[in-house]
Amino acid sequence: MGTDCQLGPSPPTDFRFSDEQFVASSVDLDGRLIALIADAVTPAAVDRPYRARAVVVGPSDVTIDVELEPLDAEYPMIDALGDGFVVADARNRWKSDGSLAWLPAYDGVGWMDCYALNVGEELTWGCLYHEFPLVTVDRKGVRGIRGTSVRGARGLLVSGPLVAFLGEYDDYRHDRRRTAPSRQVTVSIGWSDDGDDVLVERKVPLTMPDGSEPPGQPRQVVCRDDRAFVRFDDAREWFVVQL
């Protein structure tokens, strides 16, 4: 990353779904697009249950296209689960087997609100409200807690000792003279050695593939190890940045 942090397009939406209504989408570790397609743009505003289907789009082909039983999720989300997918209501939590009511163990960490989450291949990292420590978790529980100087983050990228936080509080503040939402998205880049606190060394702006400012604040950020997949208003169009 140089004087800015430039997004690249990823992953492409298969042309067969270009006119479909994506009500939820995500990106997995392999860069595949996982999408929930339904007749309504906002399930919260329609009668439920409603018809929907799940698709998983790889780099060269559609690997899954499944018609689902009628859904009752008011705020649906979709993600990868092994070789398949899981669909759940955003107001709930779920276990790795798809069942509801998963909650992290306390382990000395107050999981009041996880502002940024990175689910990697081997480890998971979180940036938690309100002191925003960087917490490392594996299958056995919390494995590390490191202090940071950031105040808010939408995304979190990790590559060895390098750490980057995408977005901060100042990006969302509107002063009284502002007539439109802020388009500034800041990336704070730092490092942490041997479990020490994260030292932020520099801040750079996030830019679009053509070098322009983002169209607004990200609507969704999905972080996988050293990559962050970012989308704005269109659930069919994702961008990626790598640490």
# chains A, B, ... in the order shown; residues from 1 in each chain; ligands from 1
$ select_by_dssp --residues "segment 190-241 of chain A" --states "strand (DSSP E or B)" --output "PyMOL selection string"
chain A and resi 190-191+199-207+220-224+227-231+238-241
$ write_last_selection --atoms "N, CA, C and O atoms" --output "tab-separated table (two decimals), in the first residue's frame"
chain	number	residue	atom	x	y	z
A	190	GLY	N	-0.65	-0.59	10.59
A	190	GLY	CA	0.32	-0.69	11.66
A	190	GLY	C	0.89	-2.09	11.75
A	190	GLY	O	0.73	-2.92	10.85
A	191	TRP	N	1.57	-2.35	12.85
A	191	TRP	CA	2.17	-3.67	13.04
A	191	TRP	C	2.22	-3.99	14.53
A	191	TRP	O	2.13	-3.12	15.39
A	199	LEU	N	0.87	-0.87	16.82
A	199	LEU	CA	1.36	0.49	16.60
A	199	LEU	C	0.95	0.94	15.20
A	199	LEU	O	1.42	0.41	14.20
A	200	VAL	N	0.04	1.91	15.14
A	200	VAL	CA	-0.40	2.46	13.84
A	200	VAL	C	0.65	3.44	13.35
A	200	VAL	O	0.96	4.42	14.02
A	201	GLU	N	1.21	3.17	12.17
A	201	GLU	CA	2.29	3.99	11.63
A	201	GLU	C	1.81	5.03	10.63
A	201	GLU	O	2.41	6.09	10.49
A	202	ARG	N	0.74	4.74	9.90
A	202	ARG	CA	0.28	5.70	8.91
A	202	ARG	C	-1.19	5.45	8.58
A	202	ARG	O	-1.72	4.37	8.83
A	203	LYS	N	-1.81	6.49	8.03
A	203	LYS	CA	-3.19	6.41	7.58
A	203	LYS	C	-3.26	6.84	6.13
A	203	LYS	O	-2.67	7.85	5.75
A	204	VAL	N	-3.98	6.07	5.33
A	204	VAL	CA	-4.11	6.37	3.91
A	204	VAL	C	-5.58	6.28	3.53
A	204	VAL	O	-6.36	5.56	4.16
A	205	PRO	N	-6.00	7.00	2.48
A	205	PRO	CA	-7.40	6.92	2.05
A	205	PRO	C	-7.66	5.68	1.21
A	205	PRO	O	-6.80	5.23	0.46
A	206	LEU	N	-8.84	5.14	1.34
A	206	LEU	CA	-9.29	4.06	0.47
A	206	LEU	C	-9.82	4.68	-0.82
A	206	LEU	O	-10.58	5.65	-0.79
A	207	THR	N	-9.40	4.14	-1.97
A	207	THR	CA	-9.85	4.67	-3.25
A	207	THR	C	-10.43	3.55	-4.11
A	207	THR	O	-10.16	2.37	-3.90
A	220	GLN	N	-21.14	-2.99	3.46
A	220	GLN	CA	-20.75	-4.27	4.02
A	220	GLN	C	-19.27	-4.49	3.79
A	220	GLN	O	-18.73	-4.15	2.73
A	221	VAL	N	-18.59	-5.04	4.79
A	221	VAL	CA	-17.17	-5.37	4.69
A	221	VAL	C	-16.99	-6.80	5.20
A	221	VAL	O	-17.41	-7.13	6.31
A	222	VAL	N	-16.39	-7.65	4.38
A	222	VAL	CA	-16.11	-9.04	4.75
A	222	VAL	C	-14.60	-9.23	4.71
A	222	VAL	O	-13.99	-9.06	3.65
A	223	CYS	N	-14.01	-9.59	5.85
A	223	CYS	CA	-12.55	-9.70	5.94
A	223	CYS	C	-12.13	-11.16	6.07
A	223	CYS	O	-12.69	-11.90	6.89
A	224	ARG	N	-11.15	-11.55	5.26
A	224	ARG	CA	-10.62	-12.91	5.24
A	224	ARG	C	-9.10	-12.82	5.26
A	224	ARG	O	-8.47	-12.51	4.24
A	227	ARG	N	-7.17	-9.98	3.33
A	227	ARG	CA	-8.01	-9.32	2.33
A	227	ARG	C	-9.30	-8.81	2.96
A	227	ARG	O	-9.83	-9.41	3.89
A	228	ALA	N	-9.77	-7.69	2.42
A	228	ALA	CA	-11.08	-7.16	2.80
A	228	ALA	C	-11.91	-7.01	1.53
A	228	ALA	O	-11.47	-6.36	0.57
A	229	PHE	N	-13.08	-7.61	1.52
A	229	PHE	CA	-14.01	-7.46	0.42
A	229	PHE	C	-15.05	-6.41	0.82
A	229	PHE	O	-15.64	-6.50	1.90
A	230	VAL	N	-15.24	-5.43	-0.04
A	230	VAL	CA	-16.05	-4.26	0.29
A	230	VAL	C	-17.13	-4.08	-0.76
A	230	VAL	O	-16.86	-4.22	-1.96
A	231	ARG	N	-18.34	-3.79	-0.31
A	231	ARG	CA	-19.39	-3.41	-1.26
A	231	ARG	C	-20.05	-2.13	-0.77
A	231	ARG	O	-20.05	-1.81	0.42
A	238	TRP	N	-18.82	-6.33	-5.68
A	238	TRP	CA	-17.84	-6.32	-4.60
A	238	TRP	C	-16.49	-5.85	-5.11
A	238	TRP	O	-16.15	-6.00	-6.29
A	239	PHE	N	-15.70	-5.29	-4.18
A	239	PHE	CA	-14.33	-4.88	-4.46
A	239	PHE	C	-13.43	-5.50	-3.40
A	239	PHE	O	-13.90	-5.90	-2.33
A	240	VAL	N	-12.15	-5.59	-3.69
A	240	VAL	CA	-11.23	-6.22	-2.75
A	240	VAL	C	-9.98	-5.37	-2.58
A	240	VAL	O	-9.52	-4.71	-3.52
A	241	VAL	N	-9.45	-5.37	-1.36
A	241	VAL	CA	-8.16	-4.75	-1.08
A	241	VAL	C	-7.35	-5.75	-0.26
A	241	VAL	O	-7.90	-6.48	0.56
$ select_by_dssp --residues "segment 5-240 of chain A" --states "alpha helix (DSSP H)" --output "CSV table (one decimal) with all heavy atoms, in the first residue's frame"
chain,number,residue,atom,x,y,z
A,169,TYR,N,-14.2,6.4,13.2
A,169,TYR,CA,-15.3,7.2,13.6
A,169,TYR,C,-15.4,8.5,12.7
A,169,TYR,O,-16.5,8.9,12.3
A,169,TYR,CB,-15.3,7.6,15.0
A,169,TYR,CG,-15.9,6.6,16.0
A,169,TYR,CD1,-15.4,6.5,17.3
A,169,TYR,CD2,-17.0,5.8,15.6
A,169,TYR,CE1,-16.0,5.6,18.1
A,169,TYR,CE2,-17.5,4.9,16.4
A,169,TYR,CZ,-17.0,4.8,17.7
A,169,TYR,OH,-17.6,3.9,18.6
A,170,ASP,N,-14.3,9.1,12.5
A,170,ASP,CA,-14.3,10.4,11.8
A,170,ASP,C,-14.8,10.3,10.4
A,170,ASP,O,-15.3,11.2,9.8
A,170,ASP,CB,-12.9,11.0,11.7
A,170,ASP,CG,-12.4,11.6,13.1
A,170,ASP,OD1,-13.3,11.8,13.9
A,170,ASP,OD2,-11.2,11.8,13.3
A,171,ASP,N,-14.7,9.1,9.8
A,171,ASP,CA,-15.3,8.9,8.4
A,171,ASP,C,-16.8,9.0,8.4
A,171,ASP,O,-17.4,9.2,7.4
A,171,ASP,CB,-14.9,7.5,7.9
A,171,ASP,CG,-13.4,7.3,7.7
A,171,ASP,OD1,-12.7,8.4,7.6
A,171,ASP,OD2,-12.9,6.2,7.6
A,172,TYR,N,-17.4,8.8,9.6
A,172,TYR,CA,-18.9,8.8,9.6
A,172,TYR,C,-19.5,10.0,10.2
A,172,TYR,O,-20.7,10.2,10.1
A,172,TYR,CB,-19.4,7.6,10.4
A,172,TYR,CG,-18.9,6.3,9.9
A,172,TYR,CD1,-17.7,5.7,10.4
A,172,TYR,CD2,-19.6,5.6,8.9
A,172,TYR,CE1,-17.2,4.5,9.9
A,172,TYR,CE2,-19.1,4.4,8.4
A,172,TYR,CZ,-17.9,3.9,8.9
A,172,TYR,OH,-17.4,2.7,8.4
$ closest_atom_pairs --of "segment 194-229 of chain A" --to "segment 134-143 of chain A" --cutoff "12 Å" --atoms "only C-alpha atoms" --output "CSV"
residue,atom,partner,partner_atom,distance
A:Gly195,CA,A:Arg143,CA,10.0
A:Asp196,CA,A:Leu134,CA,10.5
A:Asp197,CA,A:Leu134,CA,8.5
A:Val198,CA,A:Leu134,CA,7.9
A:Leu199,CA,A:Leu134,CA,11.5
A:Asp225,CA,A:Thr136,CA,11.8
$ closest_residue --among "A:Ser10, A:His130, A:Pro215, A:Gly84" --to "Val27 of chain A" --atoms "only C-alpha atoms"
A:Ser10
$ closest_residue --among "A:Met208, A:Cys5, A:Ala54, A:Ile78" --to "Phe165 of chain A" --atoms "only C-alpha atoms"
A:Cys5
$ decode --residues "segment 130-144 of chain A" --atoms "all heavy atoms" --output "compact mmCIF listing (two decimals), in the first residue's frame"
# COMPACT_ATOMS: atom_id res chain seq x y z
N HIS A 130 -15.47 -1.12 23.75
CA HIS A 130 -15.35 0.26 23.37
C HIS A 130 -13.90 0.74 23.36
O HIS A 130 -13.62 1.87 22.95
CB HIS A 130 -16.18 1.16 24.31
CG HIS A 130 -15.78 1.07 25.75
ND1 HIS A 130 -14.95 1.99 26.33
CD2 HIS A 130 -16.07 0.17 26.68
CE1 HIS A 130 -14.77 1.68 27.60
NE2 HIS A 130 -15.43 0.58 27.83
N GLU A 131 -12.98 -0.10 23.85
CA GLU A 131 -11.57 0.27 23.81
C GLU A 131 -10.88 -0.24 22.55
O GLU A 131 -9.71 0.04 22.32
CB GLU A 131 -10.86 -0.26 25.06
CG GLU A 131 -11.37 0.40 26.35
CD GLU A 131 -10.64 -0.10 27.58
OE1 GLU A 131 -9.85 -1.06 27.44
OE2 GLU A 131 -10.85 0.47 28.66
N PHE A 132 -11.58 -1.03 21.76
CA PHE A 132 -11.13 -1.52 20.46
C PHE A 132 -9.80 -2.28 20.50
O PHE A 132 -8.88 -2.01 19.73
CB PHE A 132 -11.05 -0.37 19.45
CG PHE A 132 -12.36 0.33 19.28
CD1 PHE A 132 -12.58 1.57 19.87
CD2 PHE A 132 -13.39 -0.27 18.58
CE1 PHE A 132 -13.81 2.20 19.74
CE2 PHE A 132 -14.63 0.36 18.45
CZ PHE A 132 -14.83 1.60 19.03
N PRO A 133 -9.68 -3.27 21.40
CA PRO A 133 -8.51 -4.14 21.35
C PRO A 133 -8.59 -5.06 20.14
O PRO A 133 -9.67 -5.30 19.59
CB PRO A 133 -8.61 -4.94 22.66
CG PRO A 133 -10.09 -5.05 22.88
CD PRO A 133 -10.65 -3.72 22.43
N LEU A 134 -7.45 -5.59 19.73
CA LEU A 134 -7.40 -6.60 18.68
C LEU A 134 -7.37 -7.96 19.37
O LEU A 134 -6.41 -8.30 20.05
CB LEU A 134 -6.17 -6.41 17.81
CG LEU A 134 -5.93 -7.48 16.73
CD1 LEU A 134 -7.08 -7.49 15.73
CD2 LEU A 134 -4.61 -7.23 16.02
N VAL A 135 -8.44 -8.74 19.22
CA VAL A 135 -8.57 -10.02 19.89
C VAL A 135 -8.38 -11.14 18.87
O VAL A 135 -8.99 -11.12 17.79
CB VAL A 135 -9.96 -10.15 20.56
CG1 VAL A 135 -10.09 -11.50 21.25
CG2 VAL A 135 -10.17 -9.01 21.55
N THR A 136 -7.53 -12.10 19.20
CA THR A 136 -7.29 -13.26 18.34
C THR A 136 -7.96 -14.48 18.94
O THR A 136 -7.80 -14.77 20.13
CB THR A 136 -5.78 -13.52 18.19
OG1 THR A 136 -5.13 -12.33 17.72
CG2 THR A 136 -5.52 -14.66 17.21
N VAL A 137 -8.71 -15.21 18.11
CA VAL A 137 -9.47 -16.37 18.57
C VAL A 137 -9.18 -17.55 17.66
O VAL A 137 -9.08 -17.39 16.43
CB VAL A 137 -10.99 -16.07 18.56
CG1 VAL A 137 -11.79 -17.26 19.07
CG2 VAL A 137 -11.30 -14.82 19.38
N ASP A 138 -9.03 -18.74 18.26
CA ASP A 138 -8.97 -19.96 17.46
C ASP A 138 -10.07 -20.90 17.94
O ASP A 138 -10.97 -20.49 18.67
CB ASP A 138 -7.58 -20.61 17.52
CG ASP A 138 -7.21 -21.11 18.91
OD1 ASP A 138 -8.09 -21.15 19.81
OD2 ASP A 138 -6.03 -21.47 19.11
N ARG A 139 -10.01 -22.15 17.53
CA ARG A 139 -11.08 -23.10 17.86
C ARG A 139 -11.21 -23.34 19.36
O ARG A 139 -12.26 -23.77 19.85
CB ARG A 139 -10.85 -24.43 17.14
CG ARG A 139 -10.95 -24.33 15.63
CD ARG A 139 -10.66 -25.67 14.97
NE ARG A 139 -10.70 -25.58 13.53
CZ ARG A 139 -11.79 -25.72 12.80
NH1 ARG A 139 -12.95 -25.97 13.40
NH2 ARG A 139 -11.75 -25.62 11.49
N LYS A 140 -10.14 -23.07 20.11
CA LYS A 140 -10.16 -23.33 21.55
C LYS A 140 -10.56 -22.11 22.37
O LYS A 140 -10.78 -22.23 23.57
CB LYS A 140 -8.78 -23.83 22.00
CG LYS A 140 -8.39 -25.17 21.38
CD LYS A 140 -7.03 -25.63 21.87
CE LYS A 140 -6.65 -26.96 21.27
NZ LYS A 140 -5.31 -27.43 21.74
N GLY A 141 -10.61 -20.95 21.75
CA GLY A 141 -10.98 -19.74 22.49
C GLY A 141 -10.05 -18.59 22.21
O GLY A 141 -9.32 -18.57 21.21
N VAL A 142 -10.06 -17.59 23.11
CA VAL A 142 -9.24 -16.40 22.94
C VAL A 142 -7.77 -16.75 23.11
O VAL A 142 -7.38 -17.38 24.10
CB VAL A 142 -9.65 -15.31 23.95
CG1 VAL A 142 -8.68 -14.13 23.88
CG2 VAL A 142 -11.07 -14.83 23.67
N ARG A 143 -6.94 -16.34 22.15
CA ARG A 143 -5.52 -16.65 22.19
C ARG A 143 -4.64 -15.41 22.32
O ARG A 143 -3.43 -15.52 22.47
CB ARG A 143 -5.13 -17.44 20.93
CG ARG A 143 -5.65 -18.86 20.96
CD ARG A 143 -5.00 -19.65 22.09
NE ARG A 143 -5.61 -20.94 22.33
CZ ARG A 143 -6.52 -21.19 23.25
NH1 ARG A 143 -6.94 -20.20 24.04
NH2 ARG A 143 -7.01 -22.39 23.42
N GLY A 144 -5.22 -14.24 22.26
CA GLY A 144 -4.42 -13.03 22.42
C GLY A 144 -5.29 -11.79 22.42
O GLY A 144 -6.32 -11.73 21.75
